[in-house]
file data-v1.cif (mmCIF, C-alpha atoms)
data_model
loop_
_atom_site.group_PDB
_atom_site.id
_atom_site.type_symbol
_atom_site.label_atom_id
_atom_site.label_comp_id
_atom_site.auth_asym_id
_atom_site.auth_seq_id
_atom_site.Cartn_x
_atom_site.Cartn_y
_atom_site.Cartn_z
ATOM 1 C CA MET A 17 -0.976 10.411 -5.272
ATOM 2 C CA ILE A 18 -2.344 7.396 -7.094
ATOM 3 C CA HIS A 19 -0.969 6.348 -10.496
ATOM 4 C CA PRO A 20 -2.562 8.310 -13.382
ATOM 5 C CA HIS A 21 -3.527 5.105 -15.252
ATOM 6 C CA THR A 22 -6.101 4.127 -12.655
ATOM 7 C CA ARG A 23 -9.714 4.926 -11.905
ATOM 8 C CA LEU A 24 -12.252 4.391 -9.155
ATOM 9 C CA ALA A 25 -14.657 1.507 -9.873
ATOM 10 C CA HIS A 26 -17.383 -0.390 -8.090
ATOM 11 C CA ILE A 27 -15.864 -3.815 -7.376
ATOM 12 C CA GLY A 28 -19.025 -5.444 -6.032
ATOM 13 C CA GLU A 29 -20.480 -6.432 -2.707
ATOM 14 C CA PRO A 30 -19.319 -6.680 0.001
ATOM 15 C CA ILE A 31 -16.147 -4.821 -1.076
ATOM 16 C CA GLY A 32 -17.723 -1.698 -2.579
ATOM 17 C CA PHE A 33 -15.341 0.575 -4.458
ATOM 18 C CA GLY A 34 -11.739 -0.023 -5.443
ATOM 19 C CA VAL A 35 -9.026 1.285 -7.752
ATOM 20 C CA VAL A 36 -8.505 -0.425 -11.118
ATOM 21 C CA ALA A 37 -5.873 -0.032 -13.824
ATOM 22 C CA THR A 38 -6.933 1.675 -17.056
ATOM 23 C CA ARG A 39 -3.765 0.542 -18.903
ATOM 24 C CA PRO A 40 -1.152 -2.124 -18.234
ATOM 25 C CA ILE A 41 0.949 -1.264 -15.184
ATOM 26 C CA PRO A 42 4.211 -3.236 -15.298
ATOM 27 C CA LYS A 43 5.904 -4.801 -12.312
ATOM 28 C CA GLY A 44 8.238 -2.230 -10.769
ATOM 29 C CA THR A 45 5.959 0.753 -11.411
ATOM 30 C CA ILE A 46 5.362 3.138 -8.536
ATOM 31 C CA VAL A 47 1.573 3.108 -8.146
ATOM 32 C CA TRP A 48 1.196 5.494 -5.192
ATOM 33 C CA VAL A 49 3.356 8.186 -3.607
ATOM 34 C CA ARG A 50 2.639 10.070 -0.422
ATOM 35 C CA ASP A 51 2.171 13.725 -1.359
ATOM 36 C CA PRO A 52 1.599 17.064 0.405
ATOM 37 C CA LEU A 53 -2.189 16.856 -0.015
ATOM 38 C CA ASP A 54 -2.439 13.637 2.017
ATOM 39 C CA GLN A 55 -3.531 14.435 5.582
ATOM 40 C CA ARG A 56 -1.504 13.357 8.592
ATOM 41 C CA ILE A 57 -3.744 12.870 11.639
ATOM 42 C CA PRO A 58 -1.980 12.369 14.978
ATOM 43 C CA ARG A 59 -3.245 9.307 16.854
ATOM 44 C CA ASP A 60 -4.300 11.405 19.880
ATOM 45 C CA GLN A 61 -6.407 13.648 17.655
ATOM 46 C CA ALA A 62 -8.033 10.613 16.003
ATOM 47 C CA ARG A 63 -8.899 9.156 19.443
ATOM 48 C CA SER A 64 -10.596 12.408 20.473
ATOM 49 C CA LEU A 65 -12.990 12.391 17.514
ATOM 50 C CA GLY A 66 -16.516 11.030 17.800
ATOM 51 C CA PRO A 67 -17.491 7.504 16.704
ATOM 52 C CA LEU A 68 -18.557 8.551 13.189
ATOM 53 C CA PHE A 69 -15.142 10.049 12.491
ATOM 54 C CA ARG A 70 -13.288 7.156 14.121
ATOM 55 C CA ASP A 71 -15.183 4.653 11.936
ATOM 56 C CA ALA A 72 -14.372 6.664 8.798
ATOM 57 C CA LEU A 73 -10.715 6.938 9.806
ATOM 58 C CA ARG A 74 -10.547 3.191 10.504
ATOM 59 C CA HIS A 75 -11.949 2.535 7.026
ATOM 60 C CA TYR A 76 -10.081 5.119 4.917
ATOM 61 C CA THR A 77 -6.709 5.666 6.578
ATOM 62 C CA PHE A 78 -3.561 3.696 7.108
ATOM 63 C CA TRP A 79 -1.250 3.811 10.072
ATOM 64 C CA GLU A 80 2.219 5.237 9.567
ATOM 65 C CA VAL A 81 4.276 2.874 11.666
ATOM 66 C CA GLU A 82 7.281 5.153 12.321
ATOM 67 C CA ARG A 83 5.353 8.075 13.853
ATOM 68 C CA GLY A 84 2.085 6.364 14.708
ATOM 69 C CA ASP A 85 -0.025 8.880 12.798
ATOM 70 C CA LEU A 86 -2.955 8.062 10.563
ATOM 71 C CA ILE A 87 -2.640 9.012 6.898
ATOM 72 C CA LEU A 88 -5.748 9.955 4.926
ATOM 73 C CA CYS A 89 -5.111 10.030 1.194
ATOM 74 C CA TRP A 90 -6.899 12.841 -0.590
ATOM 75 C CA ASP A 91 -7.430 10.964 -3.869
ATOM 76 C CA HIS A 92 -8.662 7.513 -4.945
ATOM 77 C CA ALA A 93 -5.729 5.882 -3.153
ATOM 78 C CA ARG A 94 -7.927 5.640 -0.062
ATOM 79 C CA TYR A 95 -10.020 3.074 -1.989
ATOM 80 C CA VAL A 96 -7.188 0.602 -2.589
ATOM 81 C CA ASN A 97 -8.477 -2.614 -1.029
ATOM 82 C CA HIS A 98 -6.780 -5.458 0.785
ATOM 83 C CA SER A 99 -5.825 -8.777 -0.782
ATOM 84 C CA CYS A 100 -3.887 -11.637 0.753
ATOM 85 C CA GLU A 101 -2.283 -11.857 -2.730
ATOM 86 C CA ALA A 102 -1.640 -8.125 -3.103
ATOM 87 C CA ASN A 103 -0.252 -6.831 -6.381
ATOM 88 C CA CYS A 104 1.173 -3.670 -4.742
ATOM 89 C CA LEU A 105 3.431 -3.309 -1.712
ATOM 90 C CA GLY A 106 5.416 -0.638 0.073
ATOM 91 C CA GLY A 107 8.434 -1.253 2.163
ATOM 92 C CA GLY A 108 9.523 1.589 4.356
ATOM 93 C CA PHE A 109 9.430 4.175 1.586
ATOM 94 C CA GLU A 110 6.586 6.619 1.156
ATOM 95 C CA PHE A 111 5.410 4.877 -1.991
ATOM 96 C CA GLU A 112 3.826 1.637 -3.152
ATOM 97 C CA ILE A 113 5.101 -0.379 -6.095
ATOM 98 C CA ALA A 114 3.503 -2.961 -8.395
ATOM 99 C CA VAL A 115 5.025 -6.305 -7.397
ATOM 100 C CA ARG A 116 3.671 -8.003 -10.516
ATOM 101 C CA ASP A 117 2.195 -6.877 -13.833
ATOM 102 C CA ILE A 118 -1.300 -5.409 -13.421
ATOM 103 C CA GLU A 119 -3.667 -5.711 -16.370
ATOM 104 C CA PRO A 120 -6.252 -3.114 -17.527
ATOM 105 C CA GLY A 121 -9.439 -3.504 -15.481
ATOM 106 C CA GLU A 122 -7.587 -5.328 -12.686
ATOM 107 C CA GLU A 123 -7.918 -3.987 -9.171
ATOM 108 C CA LEU A 124 -4.837 -2.587 -7.401
ATOM 109 C CA THR A 125 -4.527 -4.171 -3.961
ATOM 110 C CA ASP A 126 -2.344 -3.975 -0.851
ATOM 111 C CA ASP A 127 -1.874 -6.391 1.994
ATOM 112 C CA TYR A 128 -3.230 -4.380 4.917
ATOM 113 C CA ALA A 129 -1.077 -6.370 7.335
ATOM 114 C CA THR A 130 1.877 -4.310 6.025
ATOM 115 C CA PHE A 131 0.314 -1.195 7.582
ATOM 116 C CA GLY A 132 0.742 -2.395 11.168
ATOM 117 C CA TYR A 133 -2.890 -2.090 12.266
ATOM 118 C CA ALA A 134 -3.351 -2.726 15.967
ATOM 119 C CA SER A 135 -6.654 -4.567 15.548
ATOM 120 C CA GLU A 136 -7.634 -7.568 13.455
ATOM 121 C CA LEU A 137 -9.645 -7.101 10.283
ATOM 122 C CA PRO A 138 -11.867 -9.740 8.703
ATOM 123 C CA CYS A 139 -10.719 -10.518 5.171
ATOM 124 C CA GLN A 140 -13.085 -10.878 2.223
ATOM 125 C CA CYS A 141 -10.526 -10.815 -0.581
ATOM 126 C CA GLY A 142 -11.438 -14.212 -2.020
ATOM 127 C CA ALA A 143 -7.834 -15.034 -2.957
ATOM 128 C CA PRO A 144 -6.961 -18.753 -2.983
ATOM 129 C CA THR A 145 -4.486 -18.093 -0.157
ATOM 130 C CA CYS A 146 -6.871 -15.863 1.840
ATOM 131 C CA ARG A 147 -5.903 -15.832 5.515
ATOM 132 C CA GLY A 148 -9.503 -15.022 6.585
ATOM 133 C CA LEU A 149 -8.279 -12.487 9.106
ATOM 134 C CA VAL A 150 -5.695 -9.731 8.668
ATOM 135 C CA LYS A 151 -3.582 -9.539 11.823
ATOM 136 C CA ARG A 152 -0.632 -7.470 12.879
ATOM 137 C CA SER A 153 1.236 -10.728 13.540
ATOM 138 C CA ASP A 154 0.955 -11.646 9.826
ATOM 139 C CA ALA A 155 4.174 -9.671 9.346
ATOM 140 C CA MET A 156 6.127 -12.370 11.195
ATOM 141 C CA GLU A 157 5.129 -14.994 8.637
ATOM 142 C CA MET A 158 4.613 -12.864 5.540
ATOM 143 C CA GLY A 159 7.491 -10.374 5.935
ATOM 144 C CA PRO A 160 10.073 -12.503 4.084
ATOM 145 C CA VAL A 161 7.585 -13.152 1.252
ATOM 146 C CA TRP A 162 6.718 -9.459 0.948
ATOM 147 C CA ASP A 163 10.405 -8.516 1.039
ATOM 148 C CA ALA A 164 11.327 -10.939 -1.767
ATOM 149 C CA ARG A 165 8.478 -9.647 -3.946
ATOM 150 C CA LEU A 166 9.381 -6.034 -3.230
ATOM 151 C CA ILE A 167 13.104 -6.479 -3.921
ATOM 152 C CA ALA A 168 12.311 -8.175 -7.261
ATOM 153 C CA ALA A 169 9.949 -5.341 -8.202
ATOM 154 C CA MET A 170 12.373 -2.611 -7.099
ATOM 155 C CA ALA A 171 15.001 -4.101 -9.402
ATOM 156 C CA ARG A 172 12.737 -3.033 -12.303
ATOM 157 C CA LEU A 173 12.237 0.521 -11.009
ATOM 158 C CA SER A 174 14.494 2.132 -13.627
ATOM 159 C CA ALA A 175 13.317 -0.171 -16.449
ATOM 160 C CA VAL A 176 9.677 0.972 -16.522
ATOM 161 C CA GLU A 177 7.927 4.300 -17.008
ATOM 162 C CA GLN A 178 7.560 6.131 -13.669
ATOM 163 C CA PRO A 179 5.085 9.034 -13.917
ATOM 164 C CA LEU A 180 5.100 9.398 -10.106
ATOM 165 C CA TRP A 181 8.906 9.460 -9.709
ATOM 166 C CA PRO A 182 9.025 13.288 -9.468
ATOM 167 C CA LEU A 183 6.966 13.029 -6.254
ATOM 168 C CA VAL A 184 9.355 10.595 -4.535
ATOM 169 C CA GLU A 185 11.149 12.681 -1.912
ATOM 170 C CA ASP A 186 13.970 10.470 -0.682
ATOM 171 C CA LYS A 187 15.501 9.427 -4.007
ATOM 172 C CA ALA A 188 18.956 8.956 -2.463
ATOM 173 C CA ARG A 189 17.567 6.352 -0.041
ATOM 174 C CA VAL A 190 15.828 4.566 -2.926
ATOM 175 C CA ASP A 191 19.053 4.590 -4.955
ATOM 176 C CA GLN A 192 20.942 3.148 -1.965
ATOM 177 C CA ALA A 193 18.364 0.349 -1.634
ATOM 178 C CA LEU A 194 18.697 -0.425 -5.358
ATOM 179 C CA ARG A 195 22.481 -0.714 -5.035
ATOM 180 C CA ASP A 196 22.249 -2.861 -1.890
ATOM 181 C CA PRO A 197 18.842 -4.532 -1.308
ATOM 182 C CA ARG A 198 19.994 -5.585 2.174
ATOM 183 C CA LYS A 199 19.649 -1.912 3.139
ATOM 184 C CA THR A 200 16.062 -1.702 1.893
ATOM 185 C CA PRO A 201 13.811 -0.973 4.904
ATOM 186 C CA LEU A 202 11.138 -3.462 3.863
ATOM 187 C CA HIS A 203 9.050 -5.459 6.330
ATOM 188 C CA ARG A 204 11.658 -6.705 8.724
ATOM 189 C CA VAL A 205 10.343 -7.468 12.155
ATOM 190 C CA ALA A 206 12.550 -6.590 15.119
#

call {"tool": "encode", "arguments": {"input": "data-v1.cif", "output": "structure tokens"}}
result
Amino acid sequence: MIHPHTRLAHIGEPIGFGVVATRPIPKGTIVWVRDPLDQRIPRDQARSLGPLFRDALRHYTFWEVERGDLILCWDHARYVNHSCEANCLGGGFEFEIAVRDIEPGEELTDDYATFGYASELPCQCGAPTCRGLVKRSDAMEMGPVWDARLIAAMARLSAVEQPLWPLVEDKARVDQALRDPRKTPLHRVA
């Protein structure tokens, strides 16, 4: 479920639609939580669908690395776009967190390289540090940067309003990561 202080907005071409904040969203705020209405699509099932479905799944789903399934969010979360300077990240939990303050009207973004896509995606984010291409191998270089940003944001988890906290399922694991950030799953590459 996407944060309640967001809305769907037309970002412009070639991006199309995205999710923007309607109020300030402070660093450390959970901005998305996986919920029971999100659809889990096994990879084998996705491969058996026709090209129209496969294209839609490629565009609107993310890959769950642990099980290899595709996740299709039921709400506006499926419109969160990529940025090489993402303001939201996840890290092995079934939620995303704001890794910096997000202002009203600002788009919420993820770094799609964190989702472990098997194929490369051209990037059109326009960020000053744009990589031009989102690759699975970006995790090797970016993982430590993402981890540092995520750990700093997680440290603020209890200091900011968390309307989505009731939907977080594994609170004990989150609490353990807050006590010892070295045990946070994050983006470590084996």

call {"tool": "resolve_selection", "arguments": {"input": "data-v1.cif", "expression": "the PyMOL selection byres ((chain A and resi 43-55) around 9)", "output": "MDAnalysis selection string"}}
result
chainID A and resid 17:22 41:42 56:57 86:91 93 103:104 109:118 124 166 168:181 183:184

call {"tool": "atom_distance", "arguments": {"input": "data-v1.cif", "atom1": "atom CA of A:Tyr76", "atom2": "atom CA of A:Pro58"}}
result
14.8 Å

call {"tool": "closest_residue", "arguments": {"input": "data-v1.cif", "among": "A:Glu136, A:Glu123, A:Glu185, A:Asp154", "to": "A:Arg74", "atoms": "all atoms listed in the file"}}
result
A:Glu136

call {"tool": "atom_distance", "arguments": {"input": "data-v1.cif", "atom1": "atom CA of A:Cys139", "atom2": "atom CA of A:Ser99"}}
result
7.9 Å

call {"tool": "resolve_selection", "arguments": {"input": "data-v1.cif", "expression": "the PyMOL selection byres ((chain A and resi 31) around 10)", "output": "list in words"}}
result
His26, Ile27, Gly28, Glu29, Pro30, Gly32, Phe33, Gly34, Asn97, His98, Gln140 and Cys141 of chain A

call {"tool": "residues_near_point", "arguments": {"input": "data-v1.cif", "point": "(-8.1, -4.8, -13.1)", "cutoff": "8 Å", "atoms": "all atoms listed in the file", "output": "PDB file with C-alpha atoms, in the frame of the given file"}}
result
ATOM      1  CA  VAL A  36      -8.505  -0.425 -11.118  1.00  0.00           C
ATOM      2  CA  ALA A  37      -5.873  -0.032 -13.824  1.00  0.00           C
ATOM      3  CA  THR A  38      -6.933   1.675 -17.056  1.00  0.00           C
ATOM      4  CA  ILE A 118      -1.300  -5.409 -13.421  1.00  0.00           C
ATOM      5  CA  GLU A 119      -3.667  -5.711 -16.370  1.00  0.00           C
ATOM      6  CA  PRO A 120      -6.252  -3.114 -17.527  1.00  0.00           C
ATOM      7  CA  GLY A 121      -9.439  -3.504 -15.481  1.00  0.00           C
ATOM      8  CA  GLU A 122      -7.587  -5.328 -12.686  1.00  0.00           C
ATOM      9  CA  GLU A 123      -7.918  -3.987  -9.171  1.00  0.00           C
ATOM     10  CA  LEU A 124      -4.837  -2.587  -7.401  1.00  0.00           C
TER      11      LEU A 124
END

call {"tool": "atom_distance", "arguments": {"input": "data-v1.cif", "atom1": "atom CA of A:Arg147", "atom2": "atom CA of A:Thr125"}}
result
15.1 Å

call {"tool": "resolve_selection", "arguments": {"input": "data-v1.cif", "expression": "the PyMOL selection byres ((chain A and resi 150) around 12)", "output": "list in words"}}
result
His98, Ser99, Cys100, Asp126, Asp127, Tyr128, Ala129, Thr130, Phe131, Gly132, Tyr133, Ala134, Ser135, Glu136, Leu137, Pro138, Cys139, Gln140, Cys141, Cys146, Arg147, Gly148, Leu149, Lys151, Arg152, Ser153, Asp154, Ala155 and Met158 of chain A
